[in-house]
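Take a look at the structure set out below.
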Amino acid sequence: MRVLAISGSLRKGSTNTAALDALARLAPHGMRVLVYQDLAKLPPYNPDDDVDQGSLPQLVEALRAMIGACDAVVIAAPEYAHGVPGVLKNALDWLVASEVFAGKRVVLINAAPRAYHAQANLREILTTMSARFLADAFVNLPLLGRTMTAEEIVADPTCVRRLGHVIDALVEAVGDG
Ligand SMILES: Cc1cc2nc3c(=O)[nH]c(=O)nc-3n(C[C@H](O)[C@H](O)[C@H](O)COP(=O)(O)O)c2cc1C
């Protein structure tokens, strides 16, 4: 099973990125979690450039291909001013016309449960893009105000249990076809 994990934070010490790195470490045999690395390099979305394949920016084509090829997408994003970080929204805007999210299984991890506006906003955006949320698609981690590395997260029983729920939900959903 291939899972693409996208962090909405570009911060070097990002808790959201650490949570996704932890998910990758906890993934069982047979599940590969790839943490997307090029969010900061995507060009600003411009509908004029959102044209037929072949003339799209290369990183956009690559992202579309990655999403098309994976079995599920896991997103962890901070909240900025009660909204989705601009860099993440920019990536999603590049994906709307391609319809790669249509029917794609999605899980949203919220590292800071106070940030419910961004989660609600992401849910609305991805619903508009016809994503398919898993039954346990909205997972909170108790990381508000804490700076934790992936190593620390995989050593924290509560985080491991909740990330385990994500893994179980992915296995069940993808196994069911
Ligand atoms: C510009 C900016 C705006 C923010 N706005 C909010 C907000 O509206 N609500 C909130 O709960 N946290 C807000 N935060 C806090 C971040 O969401 C929080 O620090 C988050 O855990 C950072 O995630 P990261 O460690 O993955 O970078 C804001 C942070 C920044 C830098």
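Please note that chains go A, B, ... in the order of the structure tokens, that every chain numbers its residues from 1, and that ligands are numbered from 1 in the order shown.
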Within 12 Å of ligand 1 (counting only C-alpha atoms and all ligand atoms), which residues show up? I'd like them as a ChimeraX atom specification. /A:6-21,75-86,109-119,141-150
Please dump the current selection as a short mmCIF file (atom, residue, chain, number, x, y, z; two decimals), in the first residue's frame; keep C-alpha atoms.
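Output file result09.cif follows:
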```
data_model
loop_
_atom_site.label_atom_id
_atom_site.label_comp_id
_atom_site.auth_asym_id
_atom_site.auth_seq_id
_atom_site.Cartn_x
_atom_site.Cartn_y
_atom_site.Cartn_z
CA ILE A 6 1.61 15.94 3.04
CA SER A 7 2.58 18.37 5.80
CA GLY A 8 1.18 21.87 5.55
CA SER A 9 4.12 23.32 7.48
CA LEU A 10 7.45 24.29 5.97
CA ARG A 11 9.02 24.83 9.40
CA LYS A 12 12.20 22.83 9.99
CA GLY A 13 11.03 21.80 13.45
CA SER A 14 7.41 21.29 12.37
CA THR A 15 5.30 19.13 14.66
CA ASN A 16 2.98 18.28 11.75
CA THR A 17 5.89 17.02 9.64
CA ALA A 18 7.22 15.11 12.66
CA ALA A 19 3.82 13.45 13.10
CA LEU A 20 3.91 12.28 9.47
CA ASP A 21 7.51 11.08 9.82
CA ILE A 75 -2.51 15.45 5.50
CA ALA A 76 -1.28 17.15 8.68
CA ALA A 77 -1.41 20.92 8.66
CA PRO A 78 -1.18 23.75 11.15
CA GLU A 79 -3.79 26.47 11.30
CA TYR A 80 -2.80 29.96 10.23
CA ALA A 81 -5.26 32.79 10.99
CA HIS A 82 -8.12 30.30 11.25
CA GLY A 83 -7.34 28.90 7.81
CA VAL A 84 -5.32 26.40 5.80
CA PRO A 85 -1.65 27.43 5.28
CA GLY A 86 -1.27 29.15 1.92
CA ILE A 109 -4.25 14.54 11.26
CA ASN A 110 -4.63 17.51 13.55
CA ALA A 111 -1.57 17.93 15.74
CA ALA A 112 -3.12 20.82 17.67
CA PRO A 113 -6.81 20.08 18.35
CA ARG A 114 -7.45 23.79 19.05
CA ALA A 115 -7.00 24.33 15.29
CA TYR A 116 -10.48 23.25 14.24
CA HIS A 117 -11.03 26.03 11.69
CA ALA A 118 -8.23 24.76 9.43
CA GLN A 119 -9.50 21.17 9.73
CA LEU A 141 -2.77 14.26 18.38
CA PRO A 142 -2.16 15.93 21.77
CA LEU A 143 0.72 18.06 20.50
CA LEU A 144 -0.68 21.55 21.07
CA GLY A 145 2.12 23.78 22.33
CA ARG A 146 4.59 20.89 22.29
CA THR A 147 7.57 20.59 20.00
CA MET A 148 8.21 16.94 19.37
CA THR A 149 10.46 15.13 16.98
CA ALA A 150 9.39 11.98 15.15
#
```
Which of range 26-165 of chain A DSSP labels helix (DSSP H, G or I), written as a PyMOL selection string: chain A and resi 26+39-41+47-49+58-69+86-96+116-128+150-154+157-165
Using only C-alpha atoms, find the one residue out of A:Ala40, A:Met66, A:Val74, A:Val60 that sits nearest to Ala97 in chain A.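 Residue with the minimum atom-to-atom distance to Ala97 in chain A: A:Val60.
Closest approach to Val87 in chain A among A:Val73, A:Ala102, A:Asp38, A:Met129 is made by A:Asp38 (distances from only C-alpha atoms).
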Provide the CA of Val35 in chain A to CA of Ser130 in chain A distance in Å, to one decimal place.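 CA of Ser130 in chain A lies 22.3 Å from CA of Val35 in chain A.
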Non-local contacts of Glu172 in chain A (12 Å; only C-alpha atoms; under 2 positions in same chain excluded) as a VMD selection string: chain A and resid 1 71 to 72 105 134 to 136 165 to 170 174 to 177
Keeping only all heavy atoms, write those residues as a CSV table (one decimal), in the first residue's frame.
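What ended up in again-v2.csv:
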```csv
chain,number,residue,atom,x,y,z
A,1,MET,N,0.8,-1.2,0.0
A,1,MET,CA,0.0,0.0,0.0
A,1,MET,C,0.9,1.3,0.0
A,1,MET,O,1.8,1.3,0.8
A,1,MET,CB,-0.9,0.0,1.3
A,1,MET,CG,-1.8,1.1,1.3
A,1,MET,SD,-2.5,1.4,3.0
A,1,MET,CE,-3.0,-0.2,3.4
A,71,ASP,N,-2.5,4.9,-2.7
A,71,ASP,CA,-3.8,4.4,-2.3
A,71,ASP,C,-4.5,5.3,-1.4
A,71,ASP,O,-5.7,5.2,-1.2
A,71,ASP,CB,-3.5,3.0,-1.6
A,71,ASP,CG,-2.9,2.0,-2.5
A,71,ASP,OD1,-3.6,1.6,-3.5
A,71,ASP,OD2,-1.8,1.6,-2.3
A,72,ALA,N,-3.8,6.2,-0.7
A,72,ALA,CA,-4.4,7.1,0.2
A,72,ALA,C,-3.5,8.3,0.5
A,72,ALA,O,-2.3,8.2,0.3
A,72,ALA,CB,-4.7,6.4,1.6
A,105,ARG,N,-8.8,8.1,-1.0
A,105,ARG,CA,-9.0,8.0,0.4
A,105,ARG,C,-8.1,9.0,1.1
A,105,ARG,O,-6.9,9.2,0.8
A,105,ARG,CB,-8.6,6.6,0.9
A,105,ARG,CG,-9.5,5.5,0.3
A,105,ARG,CD,-8.9,4.2,0.7
A,105,ARG,NE,-9.6,3.1,0.0
A,105,ARG,CZ,-9.3,2.7,-1.2
A,105,ARG,NH1,-8.3,3.2,-1.9
A,105,ARG,NH2,-10.0,1.7,-1.7
A,134,LEU,N,-11.9,8.6,5.1
A,134,LEU,CA,-12.1,7.3,5.8
A,134,LEU,C,-13.0,7.5,7.0
A,134,LEU,O,-13.2,8.6,7.4
A,134,LEU,CB,-10.7,6.8,6.3
A,134,LEU,CG,-9.6,6.5,5.2
A,134,LEU,CD1,-8.5,5.7,5.8
A,134,LEU,CD2,-10.2,5.8,4.0
A,135,ALA,N,-13.5,6.3,7.5
A,135,ALA,CA,-14.5,6.4,8.6
A,135,ALA,C,-13.8,7.1,9.8
A,135,ALA,O,-14.4,7.9,10.5
A,135,ALA,CB,-14.9,5.0,9.0
A,136,ASP,N,-12.5,6.8,10.0
A,136,ASP,CA,-11.8,7.5,11.1
A,136,ASP,C,-10.9,8.5,10.5
A,136,ASP,O,-9.7,8.4,10.8
A,136,ASP,CB,-11.0,6.5,12.0
A,136,ASP,CG,-12.0,5.6,12.7
A,136,ASP,OD1,-12.9,6.1,13.3
A,136,ASP,OD2,-11.7,4.4,12.8
A,165,HIS,N,-4.4,4.0,15.0
A,165,HIS,CA,-5.8,4.0,14.5
A,165,HIS,C,-5.8,4.4,13.0
A,165,HIS,O,-6.5,3.9,12.2
A,165,HIS,CB,-6.6,5.0,15.3
A,165,HIS,CG,-6.9,4.6,16.7
A,165,HIS,ND1,-7.3,5.4,17.7
A,165,HIS,CD2,-6.9,3.3,17.3
A,165,HIS,CE1,-7.4,4.7,18.8
A,165,HIS,NE2,-7.2,3.5,18.6
A,166,VAL,N,-4.9,5.4,12.7
A,166,VAL,CA,-4.8,5.8,11.3
A,166,VAL,C,-4.3,4.6,10.4
A,166,VAL,O,-4.9,4.4,9.4
A,166,VAL,CB,-3.8,7.0,11.2
A,166,VAL,CG1,-3.5,7.3,9.7
A,166,VAL,CG2,-4.2,8.2,11.9
A,167,ILE,N,-3.3,3.9,10.9
A,167,ILE,CA,-2.8,2.8,10.1
A,167,ILE,C,-3.9,1.7,10.0
A,167,ILE,O,-4.1,1.2,8.9
A,167,ILE,CB,-1.5,2.2,10.8
A,167,ILE,CG1,-0.4,3.3,10.6
A,167,ILE,CG2,-1.2,0.9,10.3
A,167,ILE,CD1,0.8,3.0,11.5
A,168,ASP,N,-4.6,1.4,11.1
A,168,ASP,CA,-5.6,0.4,11.0
A,168,ASP,C,-6.7,0.8,10.0
A,168,ASP,O,-7.2,0.0,9.2
A,168,ASP,CB,-6.3,0.2,12.4
A,168,ASP,CG,-5.3,-0.5,13.4
A,168,ASP,OD1,-4.3,-1.0,12.9
A,168,ASP,OD2,-5.6,-0.5,14.6
A,169,ALA,N,-7.1,2.1,10.1
A,169,ALA,CA,-8.2,2.6,9.2
A,169,ALA,C,-7.7,2.5,7.7
A,169,ALA,O,-8.5,2.1,6.8
A,169,ALA,CB,-8.5,4.0,9.5
A,170,LEU,N,-6.4,2.8,7.5
A,170,LEU,CA,-5.9,2.7,6.1
A,170,LEU,C,-5.9,1.3,5.6
A,170,LEU,O,-6.3,1.0,4.5
A,170,LEU,CB,-4.5,3.3,6.0
A,170,LEU,CG,-4.4,4.8,6.2
A,170,LEU,CD1,-2.9,5.2,6.4
A,170,LEU,CD2,-4.9,5.5,4.9
A,174,VAL,N,-8.2,0.3,2.4
A,174,VAL,CA,-7.5,-0.1,1.2
A,174,VAL,C,-7.8,-1.6,0.9
A,174,VAL,O,-8.0,-2.1,-0.2
A,174,VAL,CB,-6.0,0.2,1.2
A,174,VAL,CG1,-5.3,-0.3,0.0
A,174,VAL,CG2,-5.9,1.7,1.3
A,175,GLY,N,-7.8,-2.4,2.1
A,175,GLY,CA,-8.0,-3.8,1.9
A,175,GLY,C,-9.4,-4.1,1.4
A,175,GLY,O,-9.6,-5.1,0.6
A,176,ASP,N,-10.4,-3.2,1.7
A,176,ASP,CA,-11.8,-3.4,1.3
A,176,ASP,C,-11.9,-3.0,-0.2
A,176,ASP,O,-13.0,-3.2,-0.8
A,176,ASP,CB,-12.7,-2.6,2.1
A,176,ASP,CG,-12.9,-3.2,3.5
A,176,ASP,OD1,-12.5,-4.3,3.7
A,176,ASP,OD2,-13.5,-2.5,4.4
A,177,GLY,N,-10.9,-2.3,-0.7
A,177,GLY,CA,-11.0,-1.9,-2.1
A,177,GLY,C,-11.7,-0.6,-2.3
A,177,GLY,O,-12.2,0.0,-1.4
```
Take CA of Pro47 in chain A and CA of Gly103 in chain A and report the distance between them in Å, one decimal.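 Those two atoms sit 23.2 Å apart.
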Among range 66-155 of chain A, which residues does DSSP mark as strand (DSSP E or B) when it is run on the backbone? Keep the chain and numbering as in the structure and answer as number ranges by chain. A: 72-76, 80, 83, 105-110, 132-140
Shortest interatomic distance to Phe133 in chain A - which of A:Leu26, A:Val96, A:Leu88, A:Leu108, counting only C-alpha atoms: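 Among the listed residues, the smallest separation from Phe133 in chain A belongs to A:Leu108.
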For Cys70 in chain A, the nearest of the candidates A:Glu124, A:Leu34, A:Pro28, A:Cys159, counting only C-alpha atoms: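 Once distances to Cys70 in chain A are computed over only C-alpha atoms, the minimum belongs to A:Leu34.
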Enter the distance from CA of Arg32 in chain A to CA of Ala173 in chain A, in Å, rounded to one decimal.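 CA of Ala173 in chain A lies at a distance of 15.2 Å from CA of Arg32 in chain A.
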Nearest to Arg132 in chain A, chosen from A:Lys104, A:Val3, A:Arg25, A:Leu56, with only C-alpha atoms counted in the distances: A:Lys104
